[in-house]
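S.K.: You'll find model_21.pdb just under this line, and it carries PDB, C-alpha atoms and all ligand atoms.
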ATOM      1  CA  MET A  13       0.000   0.000   0.000
ATOM      2  CA  LYS A  14       1.252   3.490  -0.846
ATOM      3  CA  LYS A  15       2.210   5.846   1.954
ATOM      4  CA  THR A  16       0.453   9.221   2.129
ATOM      5  CA  ALA A  17       2.195  12.590   2.106
ATOM      6  CA  LEU A  18       0.279  15.778   2.864
ATOM      7  CA  ILE A  19       2.057  18.845   1.478
ATOM      8  CA  THR A  20       1.033  22.406   2.334
ATOM      9  CA  GLY A  21       1.846  25.142  -0.166
ATOM     10  CA  ALA A  22       1.787  22.639  -3.020
ATOM     11  CA  SER A  23       0.671  25.158  -5.645
ATOM     12  CA  SER A  24       4.209  26.349  -6.474
ATOM     13  CA  GLY A  25       7.906  26.270  -5.595
ATOM     14  CA  PHE A  26       9.140  23.689  -3.098
ATOM     15  CA  GLY A  27       5.669  22.273  -2.434
ATOM     16  CA  ALA A  28       4.918  21.496  -6.083
ATOM     17  CA  ALA A  29       8.423  20.042  -6.502
ATOM     18  CA  CYS A  30       7.909  17.833  -3.431
ATOM     19  CA  ALA A  31       4.659  16.582  -4.964
ATOM     20  CA  ARG A  32       6.436  15.610  -8.203
ATOM     21  CA  THR A  33       9.394  13.961  -6.463
ATOM     22  CA  LEU A  34       7.324  12.078  -3.897
ATOM     23  CA  ALA A  35       4.935  10.870  -6.635
ATOM     24  CA  GLU A  36       7.948   9.481  -8.487
ATOM     25  CA  LYS A  37       9.070   7.731  -5.302
ATOM     26  CA  GLY A  38       5.681   6.024  -4.943
ATOM     27  CA  TRP A  39       3.888   8.213  -2.391
ATOM     28  CA  GLN A  40       0.213   9.124  -2.751
ATOM     29  CA  LEU A  41      -0.518  12.779  -2.132
ATOM     30  CA  VAL A  42      -2.773  15.246  -0.383
ATOM     31  CA  LEU A  43      -1.978  18.636  -1.912
ATOM     32  CA  THR A  44      -3.095  21.847  -0.231
ATOM     33  CA  ALA A  45      -2.773  25.585  -0.907
ATOM     34  CA  ARG A  46      -5.185  28.455  -1.532
ATOM     35  CA  ARG A  47      -4.994  28.433  -5.353
ATOM     36  CA  ALA A  48      -7.318  25.560  -6.209
ATOM     37  CA  GLU A  49      -6.742  25.837  -9.971
ATOM     38  CA  ARG A  50      -2.974  25.293  -9.526
ATOM     39  CA  LEU A  51      -3.647  22.240  -7.367
ATOM     40  CA  ALA A  52      -6.067  20.880  -9.954
ATOM     41  CA  ALA A  53      -3.421  21.272 -12.685
ATOM     42  CA  LEU A  54      -0.850  19.431 -10.577
ATOM     43  CA  GLN A  55      -3.389  16.724  -9.844
ATOM     44  CA  ARG A  56      -3.987  16.314 -13.598
ATOM     45  CA  GLU A  57      -0.230  16.096 -14.155
ATOM     46  CA  LEU A  58       0.407  13.487 -11.456
ATOM     47  CA  SER A  59      -2.720  11.394 -11.254
ATOM     48  CA  ALA A  60      -1.539   8.883 -13.887
ATOM     49  CA  GLN A  61       1.396   8.232 -11.551
ATOM     50  CA  THR A  62      -0.263   8.176  -8.128
ATOM     51  CA  PRO A  63      -3.574   8.925  -6.346
ATOM     52  CA  VAL A  64      -3.838  12.651  -5.565
ATOM     53  CA  HIS A  65      -6.372  14.448  -3.372
ATOM     54  CA  THR A  66      -6.477  18.253  -3.410
ATOM     55  CA  LEU A  67      -7.680  20.591  -0.709
ATOM     56  CA  ALA A  68      -8.007  24.350  -1.176
ATOM     57  CA  LEU A  69      -7.044  25.673   2.214
ATOM     58  CA  ASP A  70      -5.666  28.739   3.959
ATOM     59  CA  VAL A  71      -3.309  27.500   6.684
ATOM     60  CA  ARG A  72      -4.070  30.619   8.742
ATOM     61  CA  ASP A  73      -7.595  29.350   9.359
ATOM     62  CA  ALA A  74      -7.317  27.012  12.358
ATOM     63  CA  GLU A  75     -10.896  25.745  12.126
ATOM     64  CA  ALA A  76     -10.689  25.042   8.398
ATOM     65  CA  VAL A  77      -7.383  23.219   8.846
ATOM     66  CA  ALA A  78      -8.758  21.033  11.654
ATOM     67  CA  ALA A  79     -12.038  20.326   9.840
ATOM     68  CA  SER A  80     -10.516  19.509   6.467
ATOM     69  CA  PHE A  81      -7.754  17.325   7.839
ATOM     70  CA  ALA A  82     -10.314  15.467   9.983
ATOM     71  CA  SER A  83     -12.493  14.773   6.955
ATOM     72  CA  LEU A  84      -9.949  13.502   4.427
ATOM     73  CA  PRO A  85     -11.277  10.658   2.263
ATOM     74  CA  PRO A  86     -10.596   7.363   4.110
ATOM     75  CA  GLU A  87      -7.914   6.267   1.624
ATOM     76  CA  PHE A  88      -5.911   9.462   2.382
ATOM     77  CA  ALA A  89      -6.786   9.802   6.080
ATOM     78  CA  GLU A  90      -3.665   8.163   7.526
ATOM     79  CA  VAL A  91      -1.003  10.765   6.814
ATOM     80  CA  ASP A  92       2.524   9.308   7.021
ATOM     81  CA  LEU A  93       4.383  12.464   6.035
ATOM     82  CA  LEU A  94       3.319  16.053   6.713
ATOM     83  CA  VAL A  95       5.385  18.621   4.827
ATOM     84  CA  ASN A  96       4.756  21.975   6.500
ATOM     85  CA  ASN A  97       5.916  24.068   3.579
ATOM     86  CA  ALA A  98       3.329  26.862   3.082
ATOM     87  CA  GLY A  99       4.974  30.144   3.941
ATOM     88  CA  LEU A 100       6.046  33.520   2.721
ATOM     89  CA  ALA A 101       8.018  36.678   3.295
ATOM     90  CA  LEU A 102       6.500  40.102   2.716
ATOM     91  CA  GLY A 103       8.638  43.190   2.292
ATOM     92  CA  LEU A 104      12.318  43.798   2.954
ATOM     93  CA  GLU A 105      12.053  47.085   4.837
ATOM     94  CA  PRO A 106      14.053  47.676   8.006
ATOM     95  CA  ALA A 107      12.050  47.087  11.189
ATOM     96  CA  HIS A 108      11.412  50.781  11.794
ATOM     97  CA  GLU A 109       9.716  51.111   8.402
ATOM     98  CA  ALA A 110       8.084  47.712   8.007
ATOM     99  CA  SER A 111       4.338  47.164   7.692
ATOM    100  CA  LEU A 112       2.620  45.681  10.736
ATOM    101  CA  GLU A 113       0.110  44.076   8.423
ATOM    102  CA  ASP A 114       2.943  42.249   6.614
ATOM    103  CA  TRP A 115       4.392  41.149   9.952
ATOM    104  CA  ASP A 116       1.002  39.788  11.027
ATOM    105  CA  THR A 117       0.600  37.878   7.754
ATOM    106  CA  MET A 118       4.035  36.284   8.122
ATOM    107  CA  VAL A 119       3.388  35.265  11.730
ATOM    108  CA  ASP A 120      -0.092  33.959  10.886
ATOM    109  CA  THR A 121       1.200  31.898   7.955
ATOM    110  CA  ASN A 122       4.701  30.776   8.930
ATOM    111  CA  VAL A 123       4.124  30.330  12.661
ATOM    112  CA  LYS A 124       0.427  29.736  13.256
ATOM    113  CA  GLY A 125      -0.088  27.828   9.991
ATOM    114  CA  VAL A 126       2.645  25.372  10.977
ATOM    115  CA  MET A 127       1.143  25.054  14.460
ATOM    116  CA  TYR A 128      -2.381  24.422  13.156
ATOM    117  CA  CYS A 129      -1.374  21.819  10.565
ATOM    118  CA  THR A 130       0.915  20.004  12.976
ATOM    119  CA  ARG A 131      -1.681  19.963  15.761
ATOM    120  CA  ALA A 132      -4.289  18.563  13.382
ATOM    121  CA  ILE A 133      -2.123  15.754  11.975
ATOM    122  CA  LEU A 134      -0.006  14.733  14.962
ATOM    123  CA  PRO A 135      -2.627  12.868  17.060
ATOM    124  CA  GLY A 136      -3.157  10.327  14.249
ATOM    125  CA  MET A 137       0.582   9.827  13.868
ATOM    126  CA  VAL A 138       1.029   9.279  17.596
ATOM    127  CA  ALA A 139      -1.957   6.891  17.749
ATOM    128  CA  ARG A 140      -0.488   4.858  14.851
ATOM    129  CA  ASN A 141       3.049   5.239  16.267
ATOM    130  CA  ARG A 142       4.198   6.122  12.769
ATOM    131  CA  GLY A 143       4.762   9.323  10.839
ATOM    132  CA  HIS A 144       7.085  12.168   9.987
ATOM    133  CA  VAL A 145       6.670  15.925  10.198
ATOM    134  CA  VAL A 146       9.011  17.806   7.869
ATOM    135  CA  ASN A 147       9.055  21.539   8.468
ATOM    136  CA  ILE A 148      10.432  23.929   5.889
ATOM    137  CA  GLY A 149      12.344  26.502   7.890
ATOM    138  CA  SER A 150      15.016  28.700   6.352
ATOM    139  CA  VAL A 151      18.601  29.755   6.813
ATOM    140  CA  ALA A 152      16.923  33.093   7.610
ATOM    141  CA  GLY A 153      15.968  31.503  10.960
ATOM    142  CA  SER A 154      19.624  31.359  11.989
ATOM    143  CA  TRP A 155      21.397  33.965   9.874
ATOM    144  CA  PRO A 156      20.436  37.640  10.070
ATOM    145  CA  TYR A 157      20.188  39.918   7.065
ATOM    146  CA  PRO A 158      18.896  43.462   6.613
ATOM    147  CA  GLY A 159      15.125  43.410   6.221
ATOM    148  CA  GLY A 160      14.862  39.788   7.372
ATOM    149  CA  ASN A 161      13.460  40.890  10.754
ATOM    150  CA  VAL A 162      10.119  39.114  11.239
ATOM    151  CA  TYR A 163      10.477  36.621   8.375
ATOM    152  CA  GLY A 164      13.704  35.287   9.917
ATOM    153  CA  ALA A 165      12.107  35.243  13.366
ATOM    154  CA  THR A 166       9.206  33.122  12.099
ATOM    155  CA  LYS A 167      11.744  30.618  10.768
ATOM    156  CA  ALA A 168      13.596  30.639  14.107
ATOM    157  CA  PHE A 169      10.244  29.632  15.586
ATOM    158  CA  VAL A 170      10.014  26.746  13.105
ATOM    159  CA  GLN A 171      13.505  25.586  14.079
ATOM    160  CA  GLN A 172      12.775  25.544  17.821
ATOM    161  CA  PHE A 173       9.249  24.174  17.354
ATOM    162  CA  SER A 174      10.805  21.254  15.447
ATOM    163  CA  ARG A 175      13.240  20.561  18.279
ATOM    164  CA  ASN A 176      10.543  20.813  20.929
ATOM    165  CA  LEU A 177       8.240  18.500  18.978
ATOM    166  CA  ARG A 178      10.991  15.888  19.082
ATOM    167  CA  ALA A 179      11.100  16.227  22.864
ATOM    168  CA  ASP A 180       7.340  15.710  23.094
ATOM    169  CA  LEU A 181       7.451  12.746  20.715
ATOM    170  CA  LEU A 182      10.284  10.930  22.461
ATOM    171  CA  GLY A 183       9.114   7.369  23.092
ATOM    172  CA  THR A 184       7.124   7.299  19.857
ATOM    173  CA  ALA A 185       8.355   6.428  16.369
ATOM    174  CA  VAL A 186       7.175   9.764  14.974
ATOM    175  CA  ARG A 187       9.995  11.760  13.367
ATOM    176  CA  VAL A 188      10.489  15.509  12.970
ATOM    177  CA  THR A 189      12.893  17.231  10.606
ATOM    178  CA  ASN A 190      13.585  20.910  10.018
ATOM    179  CA  ILE A 191      14.941  21.724   6.574
ATOM    180  CA  GLU A 192      16.604  25.127   6.268
ATOM    181  CA  PRO A 193      17.094  26.151   2.658
ATOM    182  CA  GLY A 194      19.044  29.165   1.520
ATOM    183  CA  MET A 195      18.034  31.300  -1.406
ATOM    184  CA  ALA A 196      16.021  29.320  -3.935
ATOM    185  CA  GLU A 197      14.377  30.337  -7.179
ATOM    186  CA  THR A 198      10.618  29.991  -6.682
ATOM    187  CA  GLU A 199       7.733  32.465  -6.533
ATOM    188  CA  PHE A 200       9.032  33.515  -3.094
ATOM    189  CA  SER A 201      10.554  36.823  -4.247
ATOM    190  CA  LYS A 202       7.579  37.663  -6.464
ATOM    191  CA  VAL A 203       5.416  37.328  -3.335
ATOM    192  CA  ARG A 204       7.886  39.184  -1.116
ATOM    193  CA  PHE A 205       8.003  42.129  -3.545
ATOM    194  CA  LYS A 206       4.247  41.977  -4.107
ATOM    195  CA  GLY A 207       4.365  41.372  -7.850
ATOM    196  CA  ASP A 208       7.300  43.720  -8.585
ATOM    197  CA  ASP A 209       8.923  41.307 -11.029
ATOM    198  CA  GLU A 210      11.899  43.527 -11.691
ATOM    199  CA  MET A 211      12.792  43.634  -7.992
ATOM    200  CA  ALA A 212      12.115  39.901  -7.630
ATOM    201  CA  GLY A 213      14.327  39.130 -10.633
ATOM    202  CA  ARG A 214      17.218  41.040  -9.072
ATOM    203  CA  VAL A 215      17.387  38.508  -6.240
ATOM    204  CA  TYR A 216      18.529  35.805  -8.647
ATOM    205  CA  THR A 217      20.628  37.913 -11.006
ATOM    206  CA  GLY A 218      24.352  37.153 -11.112
ATOM    207  CA  THR A 219      24.115  34.051  -8.962
ATOM    208  CA  GLU A 220      22.825  30.511  -9.171
ATOM    209  CA  ALA A 221      20.172  29.868  -6.561
ATOM    210  CA  LEU A 222      18.869  26.510  -5.352
ATOM    211  CA  GLN A 223      16.052  25.029  -7.434
ATOM    212  CA  PRO A 224      12.806  23.627  -5.978
ATOM    213  CA  ALA A 225      13.768  20.073  -6.968
ATOM    214  CA  ASP A 226      16.915  20.352  -4.812
ATOM    215  CA  ILE A 227      14.750  20.777  -1.718
ATOM    216  CA  ALA A 228      12.281  18.096  -2.835
ATOM    217  CA  ASP A 229      15.174  15.625  -3.118
ATOM    218  CA  ILE A 230      16.138  16.392   0.492
ATOM    219  CA  VAL A 231      12.553  15.955   1.705
ATOM    220  CA  ALA A 232      12.393  12.588  -0.084
ATOM    221  CA  TRP A 233      15.748  11.603   1.392
ATOM    222  CA  VAL A 234      14.925  12.439   5.037
ATOM    223  CA  ALA A 235      11.678  10.500   4.642
ATOM    224  CA  SER A 236      13.487   7.459   3.250
ATOM    225  CA  VAL A 237      16.177   6.798   5.866
ATOM    226  CA  PRO A 238      15.617   3.793   8.179
ATOM    227  CA  ALA A 239      12.786   4.273  10.674
ATOM    228  CA  ARG A 240      15.253   4.383  13.604
ATOM    229  CA  VAL A 241      16.973   7.458  12.128
ATOM    230  CA  ASN A 242      15.719  10.998  12.699
ATOM    231  CA  VAL A 243      17.438  13.607  10.546
ATOM    232  CA  ASN A 244      16.974  16.545  12.904
ATOM    233  CA  SER A 245      17.886  19.382  10.609
ATOM    234  CA  VAL A 246      19.392  20.056   7.232
ATOM    235  CA  GLU A 247      20.866  23.434   6.334
ATOM    236  CA  VAL A 248      21.367  23.729   2.603
ATOM    237  CA  MET A 249      22.601  26.619   0.494
ATOM    238  CA  SER A 250      23.608  27.285  -3.073
ATOM    239  CA  VAL A 251      27.357  26.933  -3.490
ATOM    240  CA  HIS A 252      27.273  30.687  -4.176
ATOM    241  CA  GLN A 253      25.892  31.543  -0.726
ATOM    242  CA  ALA A 254      27.803  31.249   2.548
ATOM    243  CA  TRP A 255      25.671  33.092   5.124
ATOM    244  CA  GLY A 256      22.304  34.837   5.353
ATOM    245  CA  PRO A 257      20.220  35.461   2.284
ATOM    246  CA  LEU A 258      21.731  37.989  -0.033
ATOM    247  CA  ALA A 259      20.656  41.534   0.624
ATOM    248  CA  VAL A 260      18.922  43.168  -2.316
ATOM    249  CA  ASP A 261      19.673  46.714  -3.334
ATOM    250  CA  ARG A 262      16.374  48.448  -2.573
ATOM    251  CA  SER A 263      17.246  51.616  -4.444
TER     252      SER A 263
HETATM  253  N1  LIG B   1      12.556  30.387  -1.927
HETATM  254  C1  LIG B   1      13.420  30.558  -0.958
HETATM  255  O1  LIG B   1      14.476  31.192  -1.139
HETATM  256  C2  LIG B   1      13.177  29.949   0.362
HETATM  257  C3  LIG B   1      11.918  29.594   0.802
HETATM  258  N2  LIG B   1      11.757  29.056   2.049
HETATM  259  C4  LIG B   1      10.448  28.641   2.531
HETATM  260  O2  LIG B   1       9.964  27.610   1.677
HETATM  261  C5  LIG B   1       8.554  27.551   1.746
HETATM  262  C6  LIG B   1       7.984  27.473   0.347
HETATM  263  O3  LIG B   1       8.290  28.671  -0.336
HETATM  264  P1  LIG B   1       8.669  28.739  -1.876
HETATM  265  O4  LIG B   1       8.349  27.476  -2.544
HETATM  266  O5  LIG B   1      10.030  29.286  -1.962
HETATM  267  O6  LIG B   1       7.691  29.935  -2.330
HETATM  268  P2  LIG B   1       6.413  29.954  -3.273
HETATM  269  O7  LIG B   1       5.866  31.325  -3.165
HETATM  270  O8  LIG B   1       6.757  29.428  -4.618
HETATM  271  O9  LIG B   1       5.425  28.927  -2.564
HETATM  272  C7  LIG B   1       4.767  29.239  -1.361
HETATM  273  C8  LIG B   1       3.585  28.295  -1.185
HETATM  274  O10 LIG B   1       2.953  28.605   0.059
HETATM  275  C9  LIG B   1       1.561  28.693  -0.151
HETATM  276  N3  LIG B   1       0.939  29.590   0.802
HETATM  277  C10 LIG B   1       1.307  30.850   1.122
HETATM  278  N4  LIG B   1       0.449  31.366   2.024
HETATM  279  C11 LIG B   1      -0.471  30.397   2.277
HETATM  280  C12 LIG B   1      -1.613  30.319   3.107
HETATM  281  N5  LIG B   1      -2.004  31.336   3.878
HETATM  282  N6  LIG B   1      -2.335  29.165   3.135
HETATM  283  C13 LIG B   1      -1.966  28.119   2.360
HETATM  284  N7  LIG B   1      -0.886  28.124   1.554
HETATM  285  C14 LIG B   1      -0.160  29.263   1.511
HETATM  286  C15 LIG B   1       1.427  29.200  -1.590
HETATM  287  O11 LIG B   1       0.183  28.783  -2.137
HETATM  288  P3  LIG B   1      -1.108  29.704  -2.403
HETATM  289  O12 LIG B   1      -0.620  31.083  -2.685
HETATM  290  O13 LIG B   1      -1.769  29.034  -3.569
HETATM  291  O14 LIG B   1      -1.891  29.577  -1.143
HETATM  292  C16 LIG B   1       2.549  28.456  -2.274
HETATM  293  O15 LIG B   1       2.123  27.190  -2.688
HETATM  294  C17 LIG B   1       8.126  28.776   2.543
HETATM  295  O16 LIG B   1       7.834  28.355   3.860
HETATM  296  C18 LIG B   1       9.353  29.675   2.505
HETATM  297  O17 LIG B   1       9.399  30.516   3.610
HETATM  298  C19 LIG B   1      12.824  28.801   2.851
HETATM  299  C20 LIG B   1      14.066  29.120   2.466
HETATM  300  C21 LIG B   1      14.358  29.688   1.180
HETATM  301  C1  LIG B   2      16.462  32.052   2.488
HETATM  302  C2  LIG B   2      15.049  32.482   2.520
HETATM  303  O1  LIG B   2      14.265  32.032   3.298
HETATM  304  C3  LIG B   2      14.633  33.503   1.615
HETATM  305  N1  LIG B   2      15.023  33.303   0.306
HETATM  306  C4  LIG B   2      15.089  34.858   2.097
HETATM  307  O2  LIG B   2      15.533  35.652   1.244
HETATM  308  O3  LIG B   2      15.012  35.092   3.288
END
Give the structure from the file, written as structure tokens.
M.R.:
Amino acid sequence: MKKTALITGASSGFGAACARTLAEKGWQLVLTARRAERLAALQRELSAQTPVHTLALDVRDAEAVAASFASLPPEFAEVDLLVNNAGLALGLEPAHEASLEDWDTMVDTNVKGVMYCTRAILPGMVARNRGHVVNIGSVAGSWPYPGGNVYGATKAFVQQFSRNLRADLLGTAVRVTNIEPGMAETEFSKVRFKGDDEMAGRVYTGTEALQPADIADIVAWVASVPARVNVNSVEVMSVHQAWGPLAVDRS
């Protein structure tokens, strides 16, 4: 029987790449994000390969997360792998100029979204004594950079939440991994710069960033090691990056 992976933020970037890679490796998929049409397209692409269930969902909505995860079709209900990937950065202003609304959105998505999804899926994993939570943190959670203020802090939360989950889950076979990617070429910068494609493009100019499939390969790897092994964290950067995300010239 195929194992089930539930991926949040599967409509683009790392999440969509994880869907493709895990489908290739024989997983069946529950794909979630807000953009239902993107999920439907990915489902059409992958469904010849593996069963796919899609769920249009905003991870900031605790009740919707709990209700939809509790009412998955029976054949998808036992989630073996939760990839907490949905997330975003908004703005790159210094703290004294940043928008409180952007800060709230980042905390609601990157912190509370991860909490809500984890809380909804974990009881089943513990009851079955089987499962794996893979959180997508960021090098921005450990390495400072100008304008990284709240985004980086949300990823520091993800790092420590991952460690603390392991403490709570000691004595069970449920695994937790925090993956901390460096700069990667996805829709991340388009979102951060609110559709300013020129600004977003500058992030990747003159360098070679990670690609979504690079992160998907790591997710597939941490999920494939022997059940006794917990890969606690993986920090991964482009060979062209050695510390915090590259600052972008805002002028
Ligand atoms: N790209 C990078 O350089 C790095 C990214 N990361 C992290 O990787 C993760 C994936 O980002 P990446 O693939 O790069 O960026 P993308 O913008 O390509 O993907 C982000 C995904 O998150 C989903 N999402 C955002 N907000 C919500 C929400 N409220 N509810 C549900 N889904 C949501 C989006 O779907 P939709 O809009 O359809 O809801 C989309 O599928 C994020 O957590 C990001 O912080 C970490 C390190 C580096
Ligand atoms: C490394 C990331 O999370 C992101 N690309 C950023 O610029 O902060």
S.K.: Give as a ChimeraX atom specification the residues that the PyMOL selection byres (((not hetatm)) within 6 of (chain B and resi 1)) matches when applied to the coordinates above.
M.R.: /A:21-27,45-47,69-72,97-100,121,148-150,193-200
S.K.: In terms of the shortest atom-to-atom distance over only C-alpha atoms and all ligand atoms, which of A:Phe88, A:Phe173, A:Tyr128, A:Phe205 is closest to ligand LIG 2 (chain B)?
M.R.: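 For ligand LIG 2 (chain B), the nearest of the candidates is A:Phe205.
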S.K.: For chain A versus ligand LIG 2 (chain B), which residues have an atom no more than 10 Å away, and what is each residue's nearest atom pair and distance in Å rounded to one decimal, using only C-alpha atoms and all ligand atoms, chain-then-number order, as JSON lines?
M.R.:
{"residue": "A:Gly99", "atom": "CA", "partner": "B:LIG2", "partner_atom": "O1", "distance": 9.5}
{"residue": "A:Leu100", "atom": "CA", "partner": "B:LIG2", "partner_atom": "O1", "distance": 8.4}
{"residue": "A:Ala101", "atom": "CA", "partner": "B:LIG2", "partner_atom": "O3", "distance": 7.2}
{"residue": "A:Leu102", "atom": "CA", "partner": "B:LIG2", "partner_atom": "O3", "distance": 9.9}
{"residue": "A:Leu104", "atom": "CA", "partner": "B:LIG2", "partner_atom": "O2", "distance": 8.9}
{"residue": "A:Ile148", "atom": "CA", "partner": "B:LIG2", "partner_atom": "O1", "distance": 9.3}
{"residue": "A:Gly149", "atom": "CA", "partner": "B:LIG2", "partner_atom": "O1", "distance": 7.4}
{"residue": "A:Ser150", "atom": "CA", "partner": "B:LIG2", "partner_atom": "O1", "distance": 4.6}
{"residue": "A:Val151", "atom": "CA", "partner": "B:LIG2", "partner_atom": "C1", "distance": 5.3}
{"residue": "A:Ala152", "atom": "CA", "partner": "B:LIG2", "partner_atom": "O3", "distance": 5.1}
{"residue": "A:Gly153", "atom": "CA", "partner": "B:LIG2", "partner_atom": "O1", "distance": 7.9}
{"residue": "A:Trp155", "atom": "CA", "partner": "B:LIG2", "partner_atom": "C1", "distance": 9.1}
{"residue": "A:Pro156", "atom": "CA", "partner": "B:LIG2", "partner_atom": "O3", "distance": 9.1}
{"residue": "A:Tyr157", "atom": "CA", "partner": "B:LIG2", "partner_atom": "O3", "distance": 8.0}
{"residue": "A:Pro158", "atom": "CA", "partner": "B:LIG2", "partner_atom": "O3", "distance": 9.8}
{"residue": "A:Gly159", "atom": "CA", "partner": "B:LIG2", "partner_atom": "O3", "distance": 8.8}
{"residue": "A:Gly160", "atom": "CA", "partner": "B:LIG2", "partner_atom": "O3", "distance": 6.2}
{"residue": "A:Asn161", "atom": "CA", "partner": "B:LIG2", "partner_atom": "O3", "distance": 9.6}
{"residue": "A:Tyr163", "atom": "CA", "partner": "B:LIG2", "partner_atom": "O3", "distance": 7.0}
{"residue": "A:Gly164", "atom": "CA", "partner": "B:LIG2", "partner_atom": "O3", "distance": 6.8}
{"residue": "A:Lys167", "atom": "CA", "partner": "B:LIG2", "partner_atom": "O1", "distance": 8.0}
{"residue": "A:Glu192", "atom": "CA", "partner": "B:LIG2", "partner_atom": "O1", "distance": 7.9}
{"residue": "A:Pro193", "atom": "CA", "partner": "B:LIG2", "partner_atom": "C1", "distance": 5.9}
{"residue": "A:Gly194", "atom": "CA", "partner": "B:LIG2", "partner_atom": "C1", "distance": 4.0}
{"residue": "A:Met195", "atom": "CA", "partner": "B:LIG2", "partner_atom": "N1", "distance": 4.0}
{"residue": "A:Ala196", "atom": "CA", "partner": "B:LIG2", "partner_atom": "N1", "distance": 5.9}
{"residue": "A:Glu197", "atom": "CA", "partner": "B:LIG2", "partner_atom": "N1", "distance": 8.1}
{"residue": "A:Thr198", "atom": "CA", "partner": "B:LIG2", "partner_atom": "N1", "distance": 8.9}
{"residue": "A:Phe200", "atom": "CA", "partner": "B:LIG2", "partner_atom": "N1", "distance": 6.9}
{"residue": "A:Ser201", "atom": "CA", "partner": "B:LIG2", "partner_atom": "N1", "distance": 7.3}
{"residue": "A:Arg204", "atom": "CA", "partner": "B:LIG2", "partner_atom": "O2", "distance": 8.7}
{"residue": "A:Val215", "atom": "CA", "partner": "B:LIG2", "partner_atom": "O2", "distance": 8.2}
{"residue": "A:Tyr216", "atom": "CA", "partner": "B:LIG2", "partner_atom": "N1", "distance": 9.9}
{"residue": "A:Ala221", "atom": "CA", "partner": "B:LIG2", "partner_atom": "N1", "distance": 9.2}
{"residue": "A:Leu222", "atom": "CA", "partner": "B:LIG2", "partner_atom": "N1", "distance": 9.6}
{"residue": "A:Val248", "atom": "CA", "partner": "B:LIG2", "partner_atom": "C1", "distance": 9.7}
{"residue": "A:Met249", "atom": "CA", "partner": "B:LIG2", "partner_atom": "C1", "distance": 8.4}
{"residue": "A:Gln253", "atom": "CA", "partner": "B:LIG2", "partner_atom": "C1", "distance": 10.0}
{"residue": "A:Trp255", "atom": "CA", "partner": "B:LIG2", "partner_atom": "C1", "distance": 9.6}
{"residue": "A:Gly256", "atom": "CA", "partner": "B:LIG2", "partner_atom": "C1", "distance": 7.1}
{"residue": "A:Pro257", "atom": "CA", "partner": "B:LIG2", "partner_atom": "O2", "distance": 4.8}
{"residue": "A:Leu258", "atom": "CA", "partner": "B:LIG2", "partner_atom": "O2", "distance": 6.7}
{"residue": "A:Ala259", "atom": "CA", "partner": "B:LIG2", "partner_atom": "O2", "distance": 7.8}
{"residue": "A:Val260", "atom": "CA", "partner": "B:LIG2", "partner_atom": "O2", "distance": 9.0}
S.K.: Check which residues satisfy the PyMOL selection byres (((chain A and resi 73-84) around 9) and not hetatm) in the file shown, then give them as an NGL selection string.
M.R.: :A and (42 or 65 or 67 or 69-72 or 85-90 or 120 or 124-125 or 127-129 or 131-133)
S.K.: Could you tell me which of A:Thr33, A:Thr217, A:Ser236, A:Asn244 comes closest to A:Ala179 if we count only C-alpha atoms?
M.R.: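 Between A:Thr33, A:Thr217, A:Ser236, A:Asn244, the residue approaching A:Ala179 most closely is A:Asn244.
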S.K.: When distances are computed from all atoms listed in the file, which of A:Thr184, A:Asn190, A:Asn176, A:Thr16 shows the smallest separation from A:Arg240?
M.R.: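 Ranked by minimum distance to A:Arg240, first place goes to A:Thr184.
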S.K.: The centre and edge lengths of an axis-aligned box containing all atoms of stretch 205-224 of chain A present in the file, extended by 8 Å on each side, are to be given in Å to one decimal, as JSON.
M.R.:
{"center_x": 14.3, "center_y": 33.7, "center_z": -7.6, "size_x": 36.1, "size_y": 36.1, "size_z": 24.1}
S.K.: Which neighbours of A:Pro238 fall inside 12 Å, counting all atoms listed in the file, when residues of the same chain fewer than 4 positions from it are skipped, and could you give them as a compact mmCIF listing (two decimals) with C-alpha atoms, in the coordinates of the input?
M.R.:
# COMPACT_ATOMS: atom_id res chain seq x y z
CA ALA A 185 8.36 6.43 16.37
CA ARG A 187 9.99 11.76 13.37
CA TRP A 233 15.75 11.60 1.39
CA VAL A 234 14.92 12.44 5.04
CA ASN A 242 15.72 11.00 12.70
CA VAL A 243 17.44 13.61 10.55
S.K.: When the PyMOL selection byres (((chain A and resi 13) around 10) and not hetatm) is applied to the structure above, which residues does it catch, written out as a tab-separated table (two decimals) with C-alpha atoms, in the coordinates of the input?
M.R.:
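In the end it all went to out_18.tsv:
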chain	number	residue	atom	x	y	z
A	14	LYS	CA	1.25	3.49	-0.85
A	15	LYS	CA	2.21	5.85	1.95
A	16	THR	CA	0.45	9.22	2.13
A	38	GLY	CA	5.68	6.02	-4.94
A	39	TRP	CA	3.89	8.21	-2.39
A	40	GLN	CA	0.21	9.12	-2.75
S.K.: What does the distance between atom CA of A:Asn141 and atom CA of A:Arg175 come to in Å, to one decimal place?
M.R.: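 Between atom CA of A:Asn141 and atom CA of A:Arg175 the gap works out to 18.5 Å.
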S.K.: Just how far from atom CA of A:Asp226 is atom CA of A:His252, in Å to one decimal?
M.R.: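 For atom CA of A:His252 relative to atom CA of A:Asp226, the distance reads 14.6 Å.
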S.K.: Using all atoms listed in the file, find the one residue out of A:Val162, A:Val146, A:Leu134, A:Leu41 that sits nearest to A:Asp116.
M.R.: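 Ranked by minimum distance to A:Asp116, first place goes to A:Val162.
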S.K.: One decimal, in Å: what's the spacing between atom CA of A:Glu36 and atom CA of A:Ala232?
M.R.: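 Calculated distance between atom CA of A:Glu36 and atom CA of A:Ala232 is 10.0 Å.
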